[in-house]
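data-v6.csv (CSV, C-alpha atoms and all ligand atoms) appears below.
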```
chain,number,residue,atom,x,y,z
I,862,MET,CA,0.0,0.0,0.0
I,863,LEU,CA,1.1,3.5,-0.7
I,864,ASN,CA,2.8,5.0,2.4
I,865,GLU,CA,2.2,8.7,2.1
I,866,LYS,CA,4.5,9.6,5.0
I,867,ARG,CA,7.4,7.6,3.6
I,868,LEU,CA,6.9,9.0,0.1
I,869,ILE,CA,6.8,12.6,1.2
I,870,GLU,CA,9.7,12.2,3.7
I,871,ASN,CA,11.8,10.7,1.1
I,872,PHE,CA,11.0,13.6,-1.3
I,873,ILE,CA,11.8,16.2,1.4
I,874,ASP,CA,15.1,14.5,2.3
I,875,MET,CA,16.1,14.5,-1.4
I,876,VAL,CA,15.2,18.1,-2.2
I,877,LYS,CA,17.3,19.2,0.8
I,878,ILE,CA,20.4,17.7,-0.9
I,879,SER,CA,21.9,20.2,-3.3
I,880,SER,CA,22.4,18.6,-6.8
I,881,PRO,CA,23.2,21.0,-9.6
I,882,SER,CA,24.0,19.5,-12.9
I,883,LEU,CA,27.3,17.5,-12.9
I,884,ASN,CA,27.4,17.7,-9.1
I,885,GLU,CA,24.8,15.1,-8.2
I,886,ARG,CA,27.2,13.0,-6.0
I,887,GLU,CA,25.5,13.6,-2.7
I,888,VAL,CA,22.0,12.8,-3.8
I,889,ALA,CA,23.3,9.8,-5.8
I,890,ASP,CA,24.9,8.3,-2.7
I,891,TYR,CA,21.7,8.9,-0.7
I,892,LEU,CA,19.8,7.0,-3.4
I,893,LYS,CA,22.3,4.2,-3.7
I,894,LYS,CA,21.9,3.5,0.0
I,895,ILE,CA,18.1,3.5,-0.1
I,896,LEU,CA,18.0,1.3,-3.3
I,897,LEU,CA,20.5,-1.2,-1.9
I,898,ASP,CA,18.5,-1.4,1.4
I,899,MET,CA,15.5,-2.2,-0.7
I,900,GLY,CA,17.4,-5.2,-2.1
I,901,LEU,CA,17.6,-3.9,-5.6
I,902,GLU,CA,20.6,-4.4,-8.0
I,903,VAL,CA,22.2,-1.0,-8.1
I,904,GLU,CA,24.8,0.3,-10.5
I,905,GLU,CA,26.4,3.6,-11.4
I,906,ASP,CA,27.4,4.1,-15.0
I,907,ASN,CA,30.0,6.2,-16.7
I,908,ALA,CA,27.9,9.2,-17.5
I,909,GLY,CA,29.9,11.3,-15.0
I,910,LYS,CA,33.2,10.5,-16.7
I,911,ASP,CA,31.7,11.1,-20.1
I,912,HIS,CA,30.6,14.6,-19.3
I,913,ASN,CA,33.1,15.8,-16.6
I,914,GLY,CA,30.6,15.4,-13.8
I,915,ASN,CA,31.2,13.9,-10.4
I,916,THR,CA,28.4,11.3,-10.7
I,917,GLY,CA,27.1,8.7,-13.1
I,918,ASN,CA,23.5,7.7,-13.7
I,919,ILE,CA,22.1,5.5,-10.9
I,920,ILE,CA,20.4,2.4,-12.2
I,921,ALA,CA,18.4,0.1,-9.9
I,922,VAL,CA,16.8,-3.1,-11.1
I,923,LEU,CA,13.9,-5.0,-9.5
I,924,LYS,CA,14.5,-8.3,-11.2
I,925,SER,CA,11.8,-10.5,-12.7
I,926,PRO,CA,13.5,-13.1,-14.9
I,927,GLY,CA,11.6,-13.8,-18.1
I,928,LYS,CA,9.2,-10.9,-17.7
I,929,ARG,CA,9.0,-7.8,-19.7
I,930,LYS,CA,11.3,-4.9,-18.8
I,931,ILE,CA,9.8,-1.6,-18.0
I,932,LEU,CA,12.1,1.4,-17.4
I,933,PHE,CA,11.1,4.4,-15.2
I,934,SER,CA,13.3,7.5,-15.3
I,935,SER,CA,13.7,10.8,-13.5
I,936,HIS,CA,16.7,13.1,-13.3
I,937,MET,CA,18.7,13.8,-10.2
I,938,ASP,CA,20.1,17.2,-11.2
I,939,THR,CA,18.3,20.5,-10.7
I,940,VAL,CA,18.8,24.0,-12.0
I,941,THR,CA,20.2,26.7,-9.8
I,942,PRO,CA,19.9,28.4,-7.4
I,943,CYS,CA,20.0,25.3,-5.3
I,944,LYS,CA,22.8,25.7,-2.9
I,945,LYS,CA,20.7,25.6,0.2
I,946,ILE,CA,17.1,24.4,-0.1
I,947,ASN,CA,14.6,24.9,2.7
I,948,PRO,CA,11.4,23.1,1.8
I,949,ILE,CA,8.3,24.4,3.4
I,950,ILE,CA,5.0,22.4,3.6
I,951,GLU,CA,1.9,24.6,3.7
I,952,ASN,CA,-1.7,23.7,3.0
I,953,GLY,CA,-0.8,20.5,1.1
I,954,ILE,CA,1.8,22.3,-1.0
I,955,ILE,CA,5.6,21.9,-0.8
I,956,LYS,CA,7.6,25.1,-1.8
I,957,THR,CA,10.8,26.8,-0.7
I,958,ASP,CA,11.6,29.9,1.3
I,959,GLY,CA,12.0,31.8,-2.0
I,960,THR,CA,15.8,31.7,-2.0
I,961,SER,CA,16.2,28.6,-4.2
I,962,VAL,CA,14.4,26.3,-6.6
I,963,LEU,CA,12.6,23.4,-5.0
I,964,GLY,CA,14.0,20.7,-7.2
I,965,GLY,CA,10.7,18.9,-7.4
I,966,ASP,CA,11.9,18.9,-11.0
I,967,ASP,CA,12.7,16.1,-10.9
I,968,LYS,CA,13.1,14.7,-7.4
I,969,ALA,CA,9.3,14.3,-7.2
I,970,GLY,CA,9.6,11.7,-10.0
I,971,ILE,CA,12.4,9.9,-8.2
I,972,ALA,CA,10.3,9.8,-5.0
I,973,ALA,CA,7.3,8.4,-6.9
I,974,ILE,CA,9.4,5.7,-8.6
I,975,ILE,CA,10.9,4.6,-5.3
I,976,GLU,CA,7.6,4.4,-3.5
I,977,MET,CA,6.1,2.5,-6.4
I,978,ILE,CA,8.8,-0.1,-6.3
I,979,ARG,CA,8.4,-0.4,-2.5
I,980,MET,CA,4.6,-1.0,-3.1
I,981,ILE,CA,5.3,-3.7,-5.6
I,982,GLN,CA,7.8,-5.4,-3.3
I,983,GLU,CA,5.4,-5.3,-0.3
I,984,SER,CA,2.4,-6.5,-2.4
I,985,GLY,CA,4.3,-9.8,-3.2
I,986,ASP,CA,2.5,-9.8,-6.5
I,987,GLU,CA,4.1,-10.8,-9.8
I,988,HIS,CA,5.5,-7.9,-11.7
I,989,PRO,CA,7.5,-7.1,-14.8
I,990,GLU,CA,11.2,-6.3,-14.4
I,991,ILE,CA,11.5,-2.7,-13.3
I,992,ILE,CA,14.5,-0.7,-14.3
I,993,ALA,CA,14.8,2.7,-12.4
I,994,VAL,CA,17.2,5.2,-14.0
I,995,PHE,CA,18.0,8.3,-12.1
I,996,SER,CA,19.9,10.4,-14.6
I,997,VAL,CA,22.5,13.2,-14.3
I,998,ALA,CA,22.8,16.4,-16.2
I,999,GLU,CA,19.4,16.4,-17.8
I,1000,GLU,CA,19.0,20.2,-17.3
I,1001,ILE,CA,22.1,21.0,-19.4
I,1002,GLY,CA,21.2,19.0,-22.5
I,1003,LEU,CA,20.0,15.5,-21.5
I,1004,LEU,CA,23.6,14.4,-21.1
I,1005,GLY,CA,23.1,11.6,-18.6
I,1006,ALA,CA,20.5,9.9,-20.8
I,1007,GLN,CA,22.8,10.2,-23.8
I,1008,SER,CA,25.4,8.1,-21.9
I,1009,PHE,CA,22.9,5.5,-20.6
I,1010,ASP,CA,23.5,2.1,-22.1
I,1011,LEU,CA,20.0,1.1,-23.4
I,1012,ASP,CA,21.4,-2.0,-25.0
I,1013,LYS,CA,22.5,-3.4,-21.7
I,1014,TYR,CA,19.1,-3.1,-20.0
I,1015,LYS,CA,16.9,-3.6,-23.1
I,1016,PRO,CA,13.7,-2.0,-21.8
I,1017,ASP,CA,10.4,-2.7,-23.7
I,1018,LEU,CA,8.8,0.6,-22.7
I,1019,VAL,CA,10.1,3.8,-21.0
I,1020,PHE,CA,8.1,6.0,-18.7
I,1021,VAL,CA,9.8,9.3,-17.9
I,1022,ILE,CA,8.4,11.3,-15.1
I,1023,ASP,CA,9.5,14.9,-15.8
I,1024,SER,CA,6.7,17.1,-16.8
I,1025,GLY,CA,4.4,19.7,-15.4
I,1026,GLY,CA,0.6,19.2,-15.7
I,1027,THR,CA,-1.3,17.3,-13.1
I,1028,PRO,CA,-0.9,13.5,-12.9
I,1029,GLY,CA,-2.8,12.1,-15.9
I,1030,THR,CA,-0.9,14.4,-18.2
I,1031,ALA,CA,0.9,12.5,-21.0
I,1032,VAL,CA,3.3,14.3,-23.3
I,1033,ILE,CA,2.5,12.4,-26.5
I,1034,GLU,CA,4.5,14.5,-28.9
I,1035,THR,CA,7.6,16.8,-28.7
I,1036,PRO,CA,9.3,18.5,-31.6
I,1037,TYR,CA,12.5,17.8,-33.4
I,1038,ALA,CA,14.6,21.0,-33.2
I,1039,ALA,CA,17.6,22.6,-34.7
I,1040,LYS,CA,19.5,25.8,-33.9
I,1041,GLY,CA,22.7,27.6,-34.5
I,1042,LYS,CA,24.4,30.5,-36.2
I,1043,ILE,CA,24.1,31.5,-39.9
I,1044,GLU,CA,26.8,33.8,-41.2
I,1045,ILE,CA,27.3,35.8,-44.4
I,1046,ILE,CA,30.8,37.0,-45.1
I,1047,GLY,CA,30.9,39.8,-47.6
I,1048,LYS,CA,33.7,42.3,-48.1
I,1049,ALA,CA,34.6,45.5,-46.3
I,1050,ALA,CA,35.3,48.7,-48.2
I,1051,HIS,CA,35.1,52.4,-47.5
I,1052,ALA,CA,31.4,53.3,-47.8
I,1053,GLY,CA,32.0,56.8,-48.9
I,1054,LEU,CA,35.1,56.5,-51.1
I,1055,ALA,CA,34.7,53.1,-52.8
I,1056,PRO,CA,31.5,51.2,-51.9
I,1057,GLU,CA,31.7,49.4,-55.2
I,1058,LEU,CA,34.7,47.5,-53.9
I,1059,GLY,CA,32.7,46.0,-51.0
I,1060,ILE,CA,30.1,43.3,-50.6
I,1061,ASN,CA,27.5,44.3,-48.1
I,1062,ALA,CA,26.7,41.2,-46.1
I,1063,LEU,CA,23.4,42.7,-44.9
I,1064,THR,CA,22.2,43.1,-48.4
I,1065,VAL,CA,23.0,39.5,-49.1
I,1066,ALA,CA,21.3,38.4,-45.9
I,1067,ALA,CA,18.2,40.5,-46.7
I,1068,HIS,CA,17.8,39.0,-50.1
I,1069,ALA,CA,18.0,35.5,-48.7
I,1070,ILE,CA,15.7,36.2,-45.8
I,1071,THR,CA,12.9,37.4,-48.1
I,1072,LYS,CA,13.1,34.0,-49.8
I,1073,ILE,CA,13.4,31.6,-46.9
I,1074,ARG,CA,10.3,30.4,-45.0
I,1075,MET,CA,10.1,31.8,-41.6
I,1076,GLY,CA,7.5,32.0,-38.8
I,1077,ARG,CA,4.8,29.3,-38.9
I,1078,ILE,CA,5.6,27.0,-41.8
I,1079,ASP,CA,2.7,24.5,-41.2
I,1080,GLU,CA,0.8,23.2,-38.2
I,1081,LYS,CA,3.8,21.1,-37.2
I,1082,THR,CA,6.7,23.4,-38.1
I,1083,THR,CA,8.1,26.8,-37.1
I,1084,SER,CA,11.3,28.7,-37.7
I,1085,ASN,CA,12.9,31.9,-36.6
I,1086,ILE,CA,15.8,34.3,-36.8
I,1087,GLY,CA,15.9,35.8,-33.3
I,1088,ILE,CA,19.2,37.7,-33.2
I,1089,ILE,CA,21.2,39.5,-35.8
I,1090,ASN,CA,24.6,41.1,-35.5
I,1091,GLY,CA,26.9,42.7,-38.0
I,1092,GLY,CA,29.1,45.6,-39.2
I,1093,THR,CA,32.1,47.4,-37.9
I,1094,ALA,CA,31.5,51.1,-38.5
I,1095,VAL,CA,29.0,53.3,-40.1
I,1096,ASN,CA,31.4,54.3,-42.9
I,1097,ILE,CA,32.4,50.7,-43.8
I,1098,VAL,CA,30.4,48.4,-46.1
I,1099,MET,CA,29.2,45.7,-43.7
I,1100,PRO,CA,31.6,42.9,-44.2
I,1101,ASN,CA,29.8,40.3,-42.1
I,1102,VAL,CA,26.5,39.5,-40.5
I,1103,SER,CA,25.6,36.7,-38.2
I,1104,MET,CA,22.1,35.5,-37.3
I,1105,MET,CA,20.9,33.0,-34.7
I,1106,TYR,CA,18.4,30.7,-36.3
I,1107,GLU,CA,16.1,28.0,-35.0
I,1108,ALA,CA,13.6,25.6,-36.5
I,1109,ARG,CA,11.2,23.1,-34.9
I,1110,SER,CA,8.9,20.5,-36.3
I,1111,PHE,CA,6.9,17.5,-35.0
I,1112,SER,CA,8.1,15.8,-38.1
I,1113,GLY,CA,11.8,15.0,-38.5
I,1114,GLU,CA,11.4,14.8,-42.2
I,1115,ILE,CA,9.8,18.2,-42.6
I,1116,LEU,CA,12.5,19.7,-40.4
I,1117,ASP,CA,15.3,18.2,-42.6
I,1118,ASP,CA,13.6,19.5,-45.7
I,1119,LEU,CA,13.2,23.0,-44.3
I,1120,LEU,CA,16.8,23.1,-43.2
I,1121,ALA,CA,18.1,21.9,-46.6
I,1122,GLU,CA,15.9,24.5,-48.4
I,1123,THR,CA,17.0,27.4,-46.1
I,1124,PHE,CA,20.7,26.6,-46.4
I,1125,MET,CA,20.4,26.3,-50.2
I,1126,ILE,CA,18.7,29.7,-50.4
I,1127,PHE,CA,21.5,31.3,-48.3
I,1128,GLN,CA,24.2,29.5,-50.4
I,1129,GLU,CA,22.8,30.5,-53.8
I,1130,THR,CA,22.2,34.1,-52.7
I,1131,ALA,CA,25.7,34.4,-51.3
I,1132,GLU,CA,27.2,33.1,-54.5
I,1133,LYS,CA,25.1,35.5,-56.5
I,1134,PHE,CA,26.7,38.4,-54.6
I,1135,GLY,CA,30.2,36.9,-54.4
I,1136,ALA,CA,29.8,36.5,-50.6
I,1137,GLU,CA,30.4,33.4,-48.5
I,1138,PHE,CA,27.8,31.5,-46.4
I,1139,LYS,CA,28.6,29.5,-43.3
I,1140,HIS,CA,26.4,28.0,-40.6
I,1141,SER,CA,26.7,26.0,-37.4
I,1142,VAL,CA,23.0,24.9,-37.3
I,1143,LYS,CA,22.7,21.6,-35.6
I,1144,LYS,CA,19.8,19.3,-34.9
I,1145,GLY,CA,19.4,18.7,-31.2
I,1146,TYR,CA,17.5,15.8,-29.6
I,1147,ASN,CA,15.0,13.9,-31.5
I,1148,GLY,CA,11.3,14.6,-31.1
I,1149,TYR,CA,8.7,11.8,-30.8
I,1150,LYS,CA,5.1,11.3,-31.5
I,1151,LEU,CA,3.1,8.5,-30.0
I,1152,GLU,CA,0.4,6.7,-32.0
I,1153,GLU,CA,-3.1,7.0,-30.5
I,1154,ASN,CA,-3.4,3.2,-30.2
I,1155,SER,CA,0.2,2.6,-29.0
I,1156,GLU,CA,0.6,0.1,-26.2
I,1157,ILE,CA,2.3,2.7,-23.9
I,1158,LEU,CA,-0.5,5.2,-24.3
I,1159,LYS,CA,-3.2,2.5,-23.7
I,1160,CYS,CA,-1.3,1.4,-20.5
I,1161,PHE,CA,-1.1,4.9,-19.3
I,1162,GLU,CA,-4.8,5.6,-20.0
I,1163,LYS,CA,-5.9,2.4,-18.3
I,1164,ALA,CA,-3.8,3.2,-15.2
I,1165,CYS,CA,-5.3,6.6,-14.9
I,1166,GLY,CA,-8.8,5.2,-15.4
I,1167,ASN,CA,-8.2,2.6,-12.7
I,1168,ILE,CA,-7.8,5.4,-10.1
I,1169,GLY,CA,-10.4,7.7,-11.6
I,1170,ILE,CA,-7.9,10.3,-13.0
I,1171,GLU,CA,-8.6,11.9,-16.4
I,1172,CYS,CA,-5.9,11.4,-19.0
I,1173,LYS,CA,-4.8,14.5,-20.8
I,1174,LYS,CA,-2.7,14.2,-23.9
I,1175,VAL,CA,-0.5,17.2,-24.6
I,1176,SER,CA,2.4,18.2,-26.9
I,1177,SER,CA,5.4,19.9,-25.4
I,1178,GLY,CA,8.0,22.2,-26.8
I,1179,GLY,CA,10.6,21.0,-24.4
I,1180,GLY,CA,12.9,18.0,-24.4
I,1181,CYS,CA,13.5,15.5,-21.7
I,1182,ASP,CA,15.2,12.1,-21.3
I,1183,ALA,CA,12.3,10.5,-23.1
I,1184,ASN,CA,13.5,12.2,-26.3
I,1185,ILE,CA,16.8,10.4,-26.1
I,1186,TYR,CA,15.3,7.0,-25.4
I,1187,SER,CA,12.7,7.3,-28.1
I,1188,GLY,CA,15.4,8.6,-30.5
I,1189,ARG,CA,17.1,5.2,-29.9
I,1190,GLY,CA,14.0,3.3,-30.9
I,1191,ILE,CA,12.4,2.6,-27.5
I,1192,VAL,CA,8.8,3.7,-27.2
I,1193,SER,CA,8.8,6.4,-24.4
I,1194,ILE,CA,6.4,8.7,-22.8
I,1195,ASN,CA,6.8,11.7,-20.5
I,1196,MET,CA,4.3,12.0,-17.6
I,1197,GLY,CA,3.1,14.9,-15.6
I,1198,ILE,CA,3.7,15.0,-11.8
I,1199,GLY,CA,2.3,18.5,-11.1
I,1200,MET,CA,5.6,20.3,-10.8
I,1201,SER,CA,4.8,24.0,-11.1
I,1202,LYS,CA,6.8,27.2,-11.8
I,1203,VAL,CA,9.9,25.0,-12.3
I,1204,HIS,CA,13.2,26.7,-12.9
I,1205,THR,CA,12.2,29.6,-10.6
I,1206,THR,CA,12.4,30.2,-6.9
I,1207,GLU,CA,8.6,30.0,-6.8
I,1208,GLU,CA,8.7,26.4,-7.7
I,1209,PHE,CA,6.1,24.3,-5.8
I,1210,ILE,CA,4.3,20.9,-6.0
I,1211,LYS,CA,1.2,19.6,-4.4
I,1212,ILE,CA,1.5,16.6,-2.1
I,1213,GLU,CA,-1.6,15.2,-3.7
I,1214,ASP,CA,0.0,15.3,-7.1
I,1215,ILE,CA,3.1,13.3,-6.0
I,1216,ILE,CA,0.7,10.7,-4.5
I,1217,ASN,CA,-1.4,10.5,-7.6
I,1218,CYS,CA,1.5,10.1,-9.9
I,1219,THR,CA,2.8,7.3,-7.7
I,1220,LYS,CA,-0.6,5.6,-7.9
I,1221,ILE,CA,-0.6,5.9,-11.7
I,1222,ILE,CA,2.8,4.2,-12.1
I,1223,TYR,CA,1.8,1.5,-9.7
I,1224,GLU,CA,-1.3,0.8,-11.8
I,1225,ILE,CA,0.9,0.9,-14.9
I,1226,ILE,CA,3.1,-1.9,-13.5
I,1227,LYS,CA,0.1,-3.9,-12.3
I,1228,GLY,CA,-1.4,-3.6,-15.8
I,1229,ILE,CA,1.6,-4.9,-17.7
J,1,ZN,ZN,13.1,18.1,-15.4
```
Do you think you could lay out the structure here as C-alpha cells?
Ligand SMILES: [Zn+2]
Amino acid sequence: MLNEKRLIENFIDMVKISSPSLNEREVADYLKKILLDMGLEVEEDNAGKDHNGNTGNIIAVLKSPGKRKILFSSHMDTVTPCKKINPIIENGIIKTDGTSVLGGDDKAGIAAIIEMIRMIQESGDEHPEIIAVFSVAEEIGLLGAQSFDLDKYKPDLVFVIDSGGTPGTAVIETPYAAKGKIEIIGKAAHAGLAPELGINALTVAAHAITKIRMGRIDEKTTSNIGIINGGTAVNIVMPNVSMMYEARSFSGEILDDLLAETFMIFQETAEKFGAEFKHSVKKGYNGYKLEENSEILKCFEKACGNIGIECKKVSSGGGCDANIYSGRGIVSINMGIGMSKVHTTEEFIKIEDIINCTKIIYEIIKGI
C-alpha cells in the first residue's frame, strides 16, 4: 500500500540535498543506500566521466526473470539556485523559502518511482522487471540519458516522469529541433570612397531572408531568426552578418527538408553576390510522436482510469530524457507530476500530485 508519509519524507530528504547538474554526488549516494537497502541491484554508469561530472546515472533493477522490462526514469540534477534548499510544507503544497528552486523537477519523479517499487515489493504480486534510472545532467542537455546504455538493459517501454501538468498528463509529442548560427561573409570597403569594392553582407542576408520560409511554416513546423549582428562602422560596407536561427517541427522529415531549403537559399544568394555563407545549425535531440493506439498510451490511460484520474494528452516544446530514449527506438512517454513554476524560486508541488503520480505508475506496472 502507498505509504504517504514515507513517500513525502523521502521527497523532502532529497530536495534538501543540493544537486546542480554535474554535481549530483550527494543525492546519488543517498539514493544508492536506499535502493540497496530495498534489495535492488544497483549500479552507477560512466555518465559522470563522459561529461566531466562527479556522478554517473544511478540504475536500480527489481529483477523479474523472463518478464517484460519496464524502465522508469527521472533526473537527479536541478537548475540553480539550489545551494541551500529549505522546503516548506503549507496547505498541502511543498515550496521553498523563496531563495532557491525546490528541485521537485525532478526529485518528485524519483520519490514516486521509489515508492512504487516499495509498493510492488510489499504486495508480493508478480510484476515485470522494473529498471529505475536516475539520470544526471538532464538540465544542461540530456547528457546523462545520452550516456545511458540502453542495449545493456533492453527495456520494452520507457516512462519518464519529468513534466508539469497534473498527474494524468501525458506528453505524446515533442518537436524535433535545430538551432545555430548563420553567417554571411561579404567584403569591407570604405562606404564613402569606394563602396563598389565592397560586398554588403546585410544586403546578401536581406535577399536570402525574403526567400526563406520563416515563422509558422505549417501546423507542425516553425522557424525563426531571433538575433542579428553585423558591421564594424557606419562608414564601412558591412563585411559580415551573423544570425541566430532556430527551427522546430513535430516531423523530423519536414525539419530536414526545411533546413536543406534554407541553407540552399543562403548559399545561392551568397554566391550570386560573391559572398560566403557559413552555418553551425545543428539538430538537437529527436522529437517523438506516440500513436493513438500505441501500447504505452493505452497502458497509461488504463492506469489513470483505474484510479479515476482523467488522462490529458499534450504536446510539449521542451525536451527530456524520453526524447533520447525514443530517439534510440524505445517507445517512451513523459508524464506529468504537477511540478509547477519550475526553474524559478517560486517552484512548488502539491503533495496530492506526487501521491497520484505514484498511484498511476503503480497501476501501470500492475497492468503490464
Ligand atoms: Zn526536469
Pull the closest atom pair for each residue of chain I that gets at most 10 Å from ligand ZN 1 (chain J), along with the distance in Å to one decimal, counting only C-alpha atoms and all ligand atoms, ordering rows by chain and then ascending residue number, as a Markdown table.
```
| residue | atom | partner | partner_atom | distance |
| --- | --- | --- | --- | --- |
| I:Ser935 | CA | J:ZN1 | ZN | 7.6 |
| I:His936 | CA | J:ZN1 | ZN | 6.5 |
| I:Met937 | CA | J:ZN1 | ZN | 8.8 |
| I:Asp938 | CA | J:ZN1 | ZN | 8.2 |
| I:Thr939 | CA | J:ZN1 | ZN | 7.4 |
| I:Val940 | CA | J:ZN1 | ZN | 8.9 |
| I:Gly964 | CA | J:ZN1 | ZN | 8.6 |
| I:Gly965 | CA | J:ZN1 | ZN | 8.4 |
| I:Asp966 | CA | J:ZN1 | ZN | 4.6 |
| I:Asp967 | CA | J:ZN1 | ZN | 4.9 |
| I:Lys968 | CA | J:ZN1 | ZN | 8.7 |
| I:Ala969 | CA | J:ZN1 | ZN | 9.8 |
| I:Gly970 | CA | J:ZN1 | ZN | 9.1 |
| I:Ala998 | CA | J:ZN1 | ZN | 9.9 |
| I:Glu999 | CA | J:ZN1 | ZN | 7.0 |
| I:Glu1000 | CA | J:ZN1 | ZN | 6.5 |
| I:Leu1003 | CA | J:ZN1 | ZN | 9.6 |
| I:Val1021 | CA | J:ZN1 | ZN | 9.7 |
| I:Ile1022 | CA | J:ZN1 | ZN | 8.3 |
| I:Asp1023 | CA | J:ZN1 | ZN | 4.8 |
| I:Ser1024 | CA | J:ZN1 | ZN | 6.6 |
| I:Gly1025 | CA | J:ZN1 | ZN | 8.8 |
| I:Gly1179 | CA | J:ZN1 | ZN | 9.8 |
| I:Gly1180 | CA | J:ZN1 | ZN | 9.0 |
| I:Cys1181 | CA | J:ZN1 | ZN | 6.8 |
| I:Asp1182 | CA | J:ZN1 | ZN | 8.7 |
| I:Met1200 | CA | J:ZN1 | ZN | 9.1 |
| I:Val1203 | CA | J:ZN1 | ZN | 8.2 |
| I:His1204 | CA | J:ZN1 | ZN | 9.0 |
```
Computed interatomic separation between atom CA of I:Thr1030 and atom CA of I:Val1175 (Å): 7.0 Å
Go ahead and find all residues with at least one atom no further than 6 Å from (29.4, 8.1, -21.2) in the file's coordinates, using all atoms listed in the file; report them as a list in words. Asn907, Ala908, Asp911 and Ser1008 of chain I
Around (26.0, 8.9, -1.0) in the file's frame, which residues reach within 12 Å when counting only C-alpha atoms? Return as a ChimeraX atom specification? /I:875,878,880,885-897,905,915-916,919
What is the atom CA of I:Ala921-atom CA of I:Lys1173 distance in Å, reported with one decimal?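 Atom CA of I:Ala921 sits 29.4 Å away from atom CA of I:Lys1173.
For the atom pair formed by atom CA of I:Val922 and atom CA of I:Glu1224, the distance is 18.5 Å, given to one decimal.
With distances restricted to all atoms listed in the file, I:Ile1126 is the closest residue to I:Thr1071 from I:Val876, I:Asn1147, I:Ile1126, I:Lys1163.
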Can you work out which one of I:Lys1139, I:Lys1202, I:Lys1048, I:Lys1159 has the shortest atom-to-atom distance to I:Asn1061, counting all atoms listed in the file?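 With all atoms listed in the file as the atom set, the closest residue is I:Lys1048.
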Option closest in space to I:Arg979, from I:Ile991, I:Ala1069, I:Ala1006, I:Cys1172 [counting all atoms listed in the file]: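 Closest to I:Arg979, using all atoms listed in the file: I:Ile991.
Comparing the minimum interatomic distances between I:Cys1218 and each of I:Glu976, I:Glu1132, I:Asp1010, I:Glu1156, counting only C-alpha atoms, we find that I:Glu976 sits nearest.
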12 Å contact set for I:Thr1093, only C-alpha atoms, chain neighbours under 4 positions out, as a PDB file with C-alpha atoms, keeping the file's coordinate frame:
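Here's the written file around_13.pdb:
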```pdb
ATOM      1  CA  LYS I1048      33.700  42.300 -48.100  1.00  0.00           C
ATOM      2  CA  ALA I1049      34.600  45.500 -46.300  1.00  0.00           C
ATOM      3  CA  ALA I1050      35.300  48.700 -48.200  1.00  0.00           C
ATOM      4  CA  HIS I1051      35.100  52.400 -47.500  1.00  0.00           C
ATOM      5  CA  ALA I1052      31.400  53.300 -47.800  1.00  0.00           C
ATOM      6  CA  ASN I1061      27.500  44.300 -48.100  1.00  0.00           C
ATOM      7  CA  ALA I1062      26.700  41.200 -46.100  1.00  0.00           C
ATOM      8  CA  ILE I1097      32.400  50.700 -43.800  1.00  0.00           C
ATOM      9  CA  VAL I1098      30.400  48.400 -46.100  1.00  0.00           C
ATOM     10  CA  MET I1099      29.200  45.700 -43.700  1.00  0.00           C
ATOM     11  CA  PRO I1100      31.600  42.900 -44.200  1.00  0.00           C
ATOM     12  CA  ASN I1101      29.800  40.300 -42.100  1.00  0.00           C
ATOM     13  CA  VAL I1102      26.500  39.500 -40.500  1.00  0.00           C
TER      14      VAL I1102
END
```
Nearest to I:Ile1222 by atom-to-atom distance, counting only C-alpha atoms, from I:Gly909, I:Gly1197, I:Gly927, I:Gly1145: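 Ranked by minimum distance to I:Ile1222, first place goes to I:Gly1197.
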Need the shell around I:Thr941: protein/DNA/RNA residues with any atom at most 8 Å away, counting only C-alpha atoms. Skip same-chain ones fewer than 3 positions apart. Format as number ranges by chain? I: 881, 944, 961-962, 1204
